[in-house]
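S.K.: A single structure is presented below for examination.
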Amino acid sequence: MYYNGRHYPSWLARFTNISGPSACFQPINLVKLKLSNCKNLEKLPTLGHYPNLKILEVEGLNNVRCIGKEFYVSDDDSSSDKNKPITLFPALEKLSLWNMEEEWLEVEPTVTVFPSLKELHIEGCCKLSSVPRMSRLSCLEALTITGNNALSCIGDEQFPFPSSLKKLTIQRCYKLTTVPSVEGGISFLQHLEVKLCERLCKIGQGLLTSTCLRVVVICDCPNLISIPVYGISESLVKLELDHCRGLREVEGALSAFTRLETLRIGNCLNLIPIPLPSLDFFSSLILLSLEGCHRLTSLPSGLRSCTCLQFLVVDYCTDLESIPEDLGRLHSLKELCILSCQNLKSVPEDSLRCLTRLKTLKLGPFSQELDEFPGLSSIHHLHSSLEILTLNGWEKLCSLPYQLQHLAALKYLIISGFDGVTTLPEWLRNLSSLQDLTIDFCRNLEHLPSKGATYRLSNIQHLSITNCPRLKGDRTYISNRFKIPANQIEVYEH
């Protein structure tokens, strides 16, 4: 509801014994209530006695400074027989708070509150310094807290998370220092996600011991030093560790998680060595991503065992020197990215021959010592499958790899960093399916292919040429050369 009054409407707060058609409008029958942008409202209404309310959403009540006692029970109710058991919000299953202020107070421990609550979502409540004891929410299955600048702790050893919890998401809680351990674990926890918590230095081991745990994502927590994975269930299917620059140790071997389908380790600069000596038992792995692992000199052994692998990303691993022959055994691979590995000198020349399902290939730049692009000798075997190709070159390369001319199914081509190239080759005409061509940072490029070649590229829909300062001709010239409208061409110099 949108409401400009200072107080909650009395007709919604009052219960009567009206019968007949009007009864359906009584709050006793209310199932869902949304209070949104009621900017003049000074305090939350008393809603704890709504017997059928299942969904409550509260958003942008800027004048409400505290979720206090009145939210749960009225003064009249609190002055009644104190020996009589009270249950507040008896049917509420989902509670969402957005952009609320400062405090959230609890009711007396003897009062039963939120006995049916399954989902609690708190977002953008920047000054909220505490939340109710999670242990009181005995049916809670999903907890999300995001965008909070004041909360330093969620739960504690004495009042831990309820055992019913299945999904825990914590994001952008900048003062949060610890997510406490839970003795005995959380039996049903399936999904744990912690992101952008700058001061977080500890995740309790008990959180990670659920036998149901399937997803663990921990990203952008620069002060986190270690992660205890030795108790994680073998049922884990997704593990992501990214941008945790203080992370020095993963306590336990990742090789135990043989059911993993997604494994991503990225930009954990102090994590030495990578806790993955072998891939021998990862037959279920679908995505493997290693990014910013600067001390990684070779990929883990046993790559050939990843028979289901569809996506392999190796990016900005500056000490990587070679790619194993096993690469050619990944027959299910759909996307291969090996990027910004400046010490890489060797890619098996025959590795692409058997990757006949490959649709996306992104390579380079590699070692400046190489005078030709490695690993492309067998790329012609991908002539009917490869649709997206990105090649990032380096100064020593004087020509584009001629092997590309066989890629008849190619739709998107990005060429970048080939400073030694002065003229685009005539064989570009053979890329008859090409729809999008991007040429970037080829600083010595002067000439485009002839009209006879460019006119053959009849499916081109978009052309981008940027940072090629020596290229002759303006947008109109390029439009005429490729026979496509000028508004489908981008030409920029920086």
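Identifiers for the structure tokens are assigned positionally: chains receive A, B, ... in sequence, residues are indexed from 1 per chain, and ligands are indexed from 1 in the order shown.
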If we count only C-alpha atoms, what is near stretch 324-335 of chain A at a cut-off of 9 Å, once residues fewer than 4 positions away on the same chain are taken out, given as a compact mmCIF listing (two decimals) with C-alpha atoms, in the first residue's frame?
M.R.:
```txt
# COMPACT_ATOMS: atom_id res chain seq x y z
CA ILE A 286 31.24 -28.98 -16.05
CA SER A 298 50.91 -25.76 -14.78
CA LEU A 299 47.33 -26.95 -14.74
CA SER A 301 47.11 -33.23 -13.53
CA GLY A 302 44.32 -35.54 -14.58
CA LEU A 303 42.54 -33.10 -16.88
CA ARG A 304 41.58 -36.03 -19.12
CA SER A 305 39.34 -37.35 -16.33
CA CYS A 306 37.00 -34.36 -16.68
CA THR A 307 34.94 -36.05 -19.35
CA CYS A 308 31.90 -33.79 -18.75
CA LEU A 309 33.84 -30.52 -18.81
CA GLN A 310 32.11 -27.95 -21.03
CA PHE A 311 33.74 -24.68 -19.93
CA LEU A 312 37.45 -24.20 -19.20
CA VAL A 313 38.75 -20.74 -18.28
CA SER A 346 53.44 -24.01 -25.31
CA VAL A 347 49.94 -25.09 -26.34
CA PRO A 348 49.66 -28.60 -27.84
CA ASP A 350 46.97 -30.94 -32.11
CA SER A 351 44.80 -30.17 -29.08
CA LEU A 352 41.88 -28.64 -31.01
CA ARG A 353 41.46 -31.58 -33.39
CA CYS A 354 39.03 -33.53 -31.21
CA LEU A 355 37.19 -30.58 -29.63
CA THR A 356 34.46 -30.77 -32.24
CA ARG A 357 31.77 -29.36 -29.91
CA LEU A 358 33.72 -26.19 -29.24
CA LYS A 359 31.69 -23.06 -29.97
CA THR A 360 33.72 -20.35 -28.19
CA LEU A 361 37.51 -19.97 -28.23
CA LYS A 362 39.40 -17.08 -26.60
CA LEU A 386 33.28 -22.71 -33.82
```
S.K.: Return as a PyMOL selection string the full set of residues in stretch 323-416 of chain A whose backbone-based DSSP assignment is strand (DSSP E or B).
M.R.: chain A and resi 335-339+346+360-364+388-392+412-416
S.K.: Given only C-alpha atoms as the basis, pick out the residue of A:Pro300, A:Gly393, A:Pro45, A:Pro162 nearest to A:Leu276.
M.R.: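 For A:Leu276, the nearest of the given residues is A:Pro300.
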S.K.: Write out as JSON lines the residues of stretch 195-305 of chain A that have any atom within 6 Å of an atom of stretch 174-183 of chain A, one row each with the nearest atom pair and its distance in Å to one decimal, counting only C-alpha atoms, sorted by chain and then rising number.
M.R.:
```
{"residue": "A:Cys197", "atom": "CA", "partner": "A:Tyr174", "partner_atom": "CA", "distance": 4.9}
{"residue": "A:Glu198", "atom": "CA", "partner": "A:Tyr174", "partner_atom": "CA", "distance": 5.2}
{"residue": "A:Arg199", "atom": "CA", "partner": "A:Thr177", "partner_atom": "CA", "distance": 5.2}
{"residue": "A:Leu200", "atom": "CA", "partner": "A:Thr177", "partner_atom": "CA", "distance": 4.0}
{"residue": "A:Cys201", "atom": "CA", "partner": "A:Thr177", "partner_atom": "CA", "distance": 5.6}
{"residue": "A:Lys202", "atom": "CA", "partner": "A:Thr178", "partner_atom": "CA", "distance": 4.9}
{"residue": "A:Ile203", "atom": "CA", "partner": "A:Val179", "partner_atom": "CA", "distance": 4.9}
{"residue": "A:Gly204", "atom": "CA", "partner": "A:Ser181", "partner_atom": "CA", "distance": 3.6}
{"residue": "A:Gln205", "atom": "CA", "partner": "A:Ser181", "partner_atom": "CA", "distance": 5.5}
{"residue": "A:Gly206", "atom": "CA", "partner": "A:Val182", "partner_atom": "CA", "distance": 4.6}
{"residue": "A:Leu207", "atom": "CA", "partner": "A:Ser181", "partner_atom": "CA", "distance": 5.8}
```
S.K.: Just checking: using only C-alpha atoms, which residue out of A:Cys221, A:Cys442, A:Ala453, A:Cys337 ends up closest to A:Glu426?
M.R.: A:Ala453
S.K.: Neighbours of stretch 114-123 of chain A within 6 Å (only C-alpha atoms; same-chain residues fewer than 3 positions away dropped), as a PyMOL selection string?
M.R.: chain A and resi 89-98+139-147
S.K.: Okay, now the selection with C-alpha atoms, as a tab-separated table (two decimals), in the first residue's frame?
M.R.:
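The result, stored in result.tsv:
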```tsv
chain	number	residue	atom	x	y	z
A	89	PHE	CA	2.81	-13.54	13.60
A	90	PRO	CA	1.52	-17.11	13.82
A	91	ALA	CA	1.12	-17.65	10.05
A	92	LEU	CA	3.85	-15.38	8.63
A	93	GLU	CA	6.07	-17.30	6.19
A	94	LYS	CA	7.96	-14.52	4.40
A	95	LEU	CA	9.25	-11.23	5.82
A	96	SER	CA	11.12	-8.72	3.63
A	97	LEU	CA	12.63	-5.44	4.84
A	98	TRP	CA	14.14	-2.93	2.41
A	139	CYS	CA	11.25	-22.90	10.76
A	140	LEU	CA	13.55	-20.49	8.89
A	141	GLU	CA	14.80	-21.94	5.60
A	142	ALA	CA	16.25	-18.91	3.75
A	143	LEU	CA	18.08	-15.91	5.24
A	144	THR	CA	19.35	-13.05	3.08
A	145	ILE	CA	21.12	-9.99	4.50
A	146	THR	CA	22.56	-7.54	2.01
A	147	GLY	CA	23.66	-3.90	1.98
```
S.K.: Go through A:Glu490, A:Asp315, A:Glu42, A:Glu251 one by one, measure the shortest atom-to-atom distance of each to A:Thr438 using only C-alpha atoms, and give the residue with the smallest value.
M.R.: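 Closest candidate: A:Glu490.
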S.K.: To test your reading of the structure, identify every residue in stretch 84-317 of chain A that backbone DSSP assigns to helix (DSSP H, G or I), and report it as a PyMOL selection string.
M.R.: chain A and resi 134-136+205-208+254-256+303-305
S.K.: Restrict the selected residues to N, CA and C atoms and save them as an mmCIF file, in the first residue's frame.
M.R.:
```cif
data_model
loop_
_atom_site.group_PDB
_atom_site.id
_atom_site.type_symbol
_atom_site.label_atom_id
_atom_site.label_comp_id
_atom_site.auth_asym_id
_atom_site.auth_seq_id
_atom_site.Cartn_x
_atom_site.Cartn_y
_atom_site.Cartn_z
ATOM 1 N N MET A 134 18.548 -15.620 15.678
ATOM 2 C CA MET A 134 18.128 -16.560 14.639
ATOM 3 C C MET A 134 17.572 -17.856 15.229
ATOM 4 N N SER A 135 18.030 -18.202 16.426
ATOM 5 C CA SER A 135 17.604 -19.470 17.023
ATOM 6 C C SER A 135 16.117 -19.485 17.350
ATOM 7 N N ARG A 136 15.489 -18.297 17.408
ATOM 8 C CA ARG A 136 14.055 -18.237 17.698
ATOM 9 C C ARG A 136 13.217 -18.559 16.461
ATOM 10 N N GLN A 205 33.690 -23.126 11.174
ATOM 11 C CA GLN A 205 33.761 -24.428 10.519
ATOM 12 C C GLN A 205 32.426 -25.149 10.552
ATOM 13 N N GLY A 206 31.647 -24.931 11.607
ATOM 14 C CA GLY A 206 30.383 -25.628 11.736
ATOM 15 C C GLY A 206 29.392 -25.320 10.637
ATOM 16 N N LEU A 207 29.533 -24.147 10.013
ATOM 17 C CA LEU A 207 28.623 -23.777 8.933
ATOM 18 C C LEU A 207 28.798 -24.665 7.715
ATOM 19 N N LEU A 208 29.967 -25.257 7.584
ATOM 20 C CA LEU A 208 30.304 -25.967 6.359
ATOM 21 C C LEU A 208 30.226 -27.485 6.488
ATOM 22 N N LEU A 254 40.506 -30.207 -1.827
ATOM 23 C CA LEU A 254 39.350 -30.090 -2.710
ATOM 24 C C LEU A 254 39.100 -31.385 -3.474
ATOM 25 N N SER A 255 40.089 -32.236 -3.523
ATOM 26 C CA SER A 255 39.950 -33.480 -4.287
ATOM 27 C C SER A 255 38.880 -34.406 -3.711
ATOM 28 N N ALA A 256 38.397 -34.099 -2.503
ATOM 29 C CA ALA A 256 37.357 -34.939 -1.899
ATOM 30 C C ALA A 256 35.987 -34.692 -2.521
ATOM 31 N N LEU A 303 43.561 -33.845 -16.146
ATOM 32 C CA LEU A 303 42.541 -33.100 -16.883
ATOM 33 C C LEU A 303 41.697 -34.034 -17.751
ATOM 34 N N ARG A 304 42.299 -35.093 -18.233
ATOM 35 C CA ARG A 304 41.583 -36.030 -19.116
ATOM 36 C C ARG A 304 40.414 -36.717 -18.412
ATOM 37 N N SER A 305 40.424 -36.716 -17.081
ATOM 38 C CA SER A 305 39.337 -37.354 -16.329
ATOM 39 C C SER A 305 38.059 -36.524 -16.326
#
```
S.K.: Taking only residues of stretch 264-325 of chain A that have an atom at most 12 Å from an atom of stretch 339-342 of chain A, what is each one's shortest atom pair and its distance in Å to one decimal, using only C-alpha atoms, in chain and number order, as CSV?
M.R.:
```
residue,atom,partner,partner_atom,distance
A:Ser289,CA,A:Leu339,CA,11.5
A:Leu290,CA,A:Leu339,CA,10.6
A:Glu291,CA,A:Leu339,CA,9.2
A:Gly292,CA,A:Ser340,CA,9.5
A:Cys293,CA,A:Cys341,CA,10.2
A:His294,CA,A:Cys341,CA,9.2
A:Arg295,CA,A:Cys341,CA,11.4
A:Leu296,CA,A:Cys341,CA,10.3
A:Thr297,CA,A:Cys341,CA,10.1
A:Ser298,CA,A:Cys341,CA,11.2
A:Leu312,CA,A:Leu339,CA,11.1
A:Val313,CA,A:Leu339,CA,8.1
A:Val314,CA,A:Leu339,CA,6.3
A:Asp315,CA,A:Leu339,CA,4.6
A:Tyr316,CA,A:Ser340,CA,4.6
A:Cys317,CA,A:Cys341,CA,5.3
A:Thr318,CA,A:Cys341,CA,4.8
A:Asp319,CA,A:Cys341,CA,7.1
A:Leu320,CA,A:Cys341,CA,6.3
A:Glu321,CA,A:Cys341,CA,8.0
A:Ser322,CA,A:Cys341,CA,9.6
A:Ile323,CA,A:Cys341,CA,10.8
```
S.K.: Could you check how far atom CA of A:Pro365 sits from atom CA of A:Leu407, in Å to one decimal?
M.R.: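 Atom CA of A:Leu407 lies 20.9 Å from atom CA of A:Pro365.
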